[in-house]
Amino acid sequence: MITTTRKATIAVSNWWNLVWITMAQLLSSYGRAGRLSFIMALLEPVLLILLLYVIRGIFRMGTASFGTSLFLFMASGFLPFYLFLHISSRTRTAGSAGARLPGLTSLDVTIAIILLNSLIWIGMTVAIFAGMWLYGIDQAWPDSIVEAITPLLLLIVMGMGIGMINNVIGRYFWAWLLIYRMATRGLIFLSGVFFIVDLQPLWMRAWMIPNPLTHGITWFRVGIYGNFPQNSLDRTYLLEWALIALFLGMVLDRAGMRAFAKT
């Protein structure tokens, strides 16, 4: 029993070392050919927040929908939304990540990609909120760090699953990735990024509540503000979406790879 446990520990340790090396290689590749596109992917939500902040200021609409800071309210919606988009997009690139190290499968490379991009994105989110807090926006300090980080982790898991599903569909229907990219960006208007879901008309809530991203953003804002309206929030619903998406993604990815190898 002790010998088996020791062998398993060594195997996990060796696997993690390979994943860590893969993460380092990916980070290096981001710093070369894909540096500009990677930086723009990170800056997109920040630039949109600044643009909306300026536009609302020009039209004298600077009051936040909740809390004391319009910039904080926008950031608490845009950042989790784009976290999901970024993770699902990066998962789609797993098949073109280059040569794998010996002993690593495509799933291992996908895990390395997700871990690296999650760390980068969450680090950027922490830096933005810390900057707002140092600037004097007291509400930028989360009311509950656990409540704030949990929905982000679930959005990462869901993004990984959806990205793997898109990988399979994209192998047989090349236009799907373009359709998905356009559709998901359109979801920004039905995810509670700009609004408080509980304060919207019933017909609008009927469209927003079935969207799991709505629950992720609302949950994140609960962690930030503490007293954020959450009557429509269903934490279990987001958890179920994340687990089902990951399960289907892994199953379809394995099946798709076998079918693709036979052709």
# chains A, B, ... in the order shown; residues from 1 in each chain; ligands from 1
$ residues_around --residues "range 186-202 of chain A" --least-positions-apart "4" --cutoff "12 Å" --atoms "only C-alpha atoms" --output "VMD selection string"
chain A and resid 45 48 to 49 52 to 53 56 64 to 67 70 to 82 84 to 85 179 to 182 206 to 222 228 to 233
$ residues_around --residues "Gln139 in chain A" --least-positions-apart "3" --cutoff "9 Å" --atoms "only C-alpha atoms" --output "MDAnalysis selection string"
chainID A and resid 67:69 72 132:133 136 142:143 224:225
$ closest_atom_pairs --of "range 154-222 of chain A" --to "range 111-117 of chain A" --cutoff "10 Å" --atoms "only C-alpha atoms" --output "CSV"
residue,atom,partner,partner_atom,distance
A:Ile156,CA,A:Ile114,CA,7.8
A:Val157,CA,A:Ile114,CA,8.9
A:Gly159,CA,A:Ile114,CA,9.1
A:Met160,CA,A:Ile114,CA,7.1
$ residues_around --residues "Leu243 in chain A" --least-positions-apart "6" --cutoff "12 Å" --atoms "only C-alpha atoms" --output "MDAnalysis selection string"
chainID A and resid 153:162 236:237 249:250
$ write_last_selection --atoms "C-alpha atoms" --output "PDB file, in the first residue's frame"
ATOM      1  CA  LEU A 153     -13.296  29.271 -10.922  1.00  0.00           C
ATOM      2  CA  LEU A 154     -16.619  27.902 -12.141  1.00  0.00           C
ATOM      3  CA  LEU A 155     -16.520  30.190 -15.180  1.00  0.00           C
ATOM      4  CA  ILE A 156     -13.015  28.864 -15.919  1.00  0.00           C
ATOM      5  CA  VAL A 157     -14.258  25.263 -15.744  1.00  0.00           C
ATOM      6  CA  MET A 158     -17.266  26.072 -17.930  1.00  0.00           C
ATOM      7  CA  GLY A 159     -15.060  27.947 -20.402  1.00  0.00           C
ATOM      8  CA  MET A 160     -12.752  24.951 -20.654  1.00  0.00           C
ATOM      9  CA  GLY A 161     -15.680  22.606 -21.316  1.00  0.00           C
ATOM     10  CA  ILE A 162     -17.312  24.894 -23.890  1.00  0.00           C
ATOM     11  CA  THR A 236     -26.254  25.424  -8.175  1.00  0.00           C
ATOM     12  CA  TYR A 237     -27.284  26.286 -11.723  1.00  0.00           C
ATOM     13  CA  GLY A 249     -16.194  18.583 -23.533  1.00  0.00           C
ATOM     14  CA  MET A 250     -13.907  15.780 -22.378  1.00  0.00           C
TER      15      MET A 250
END
$ select_by_dssp --residues "range 75-255 of chain A" --states "helix (DSSP H, G or I)" --output "PyMOL selection string"
chain A and resi 75-92+94-96+106-135+138-140+145-172+176-190+197-199+202-208+212-225+235-255
$ closest_residue --among "A:Gly226, A:Ser88, A:Trp176, A:Trp203" --to "Ala140 in chain A" --atoms "only C-alpha atoms"
A:Gly226
$ atom_distance --atom1 "CA of Gly223 in chain A" --atom2 "CA of Leu50 in chain A"
22.8 Å
$ closest_residue --among "A:Tyr135, A:Ile165, A:Glu147, A:Thr125" --to "Ile244 in chain A" --atoms "only C-alpha atoms"
A:Ile165
$ atom_distance --atom1 "CA of Glu240 in chain A" --atom2 "CA of Ala255 in chain A"
22.3 Å
$ atom_distance --atom1 "CA of Asn166 in chain A" --atom2 "CA of Gln25 in chain A"
24.3 Å
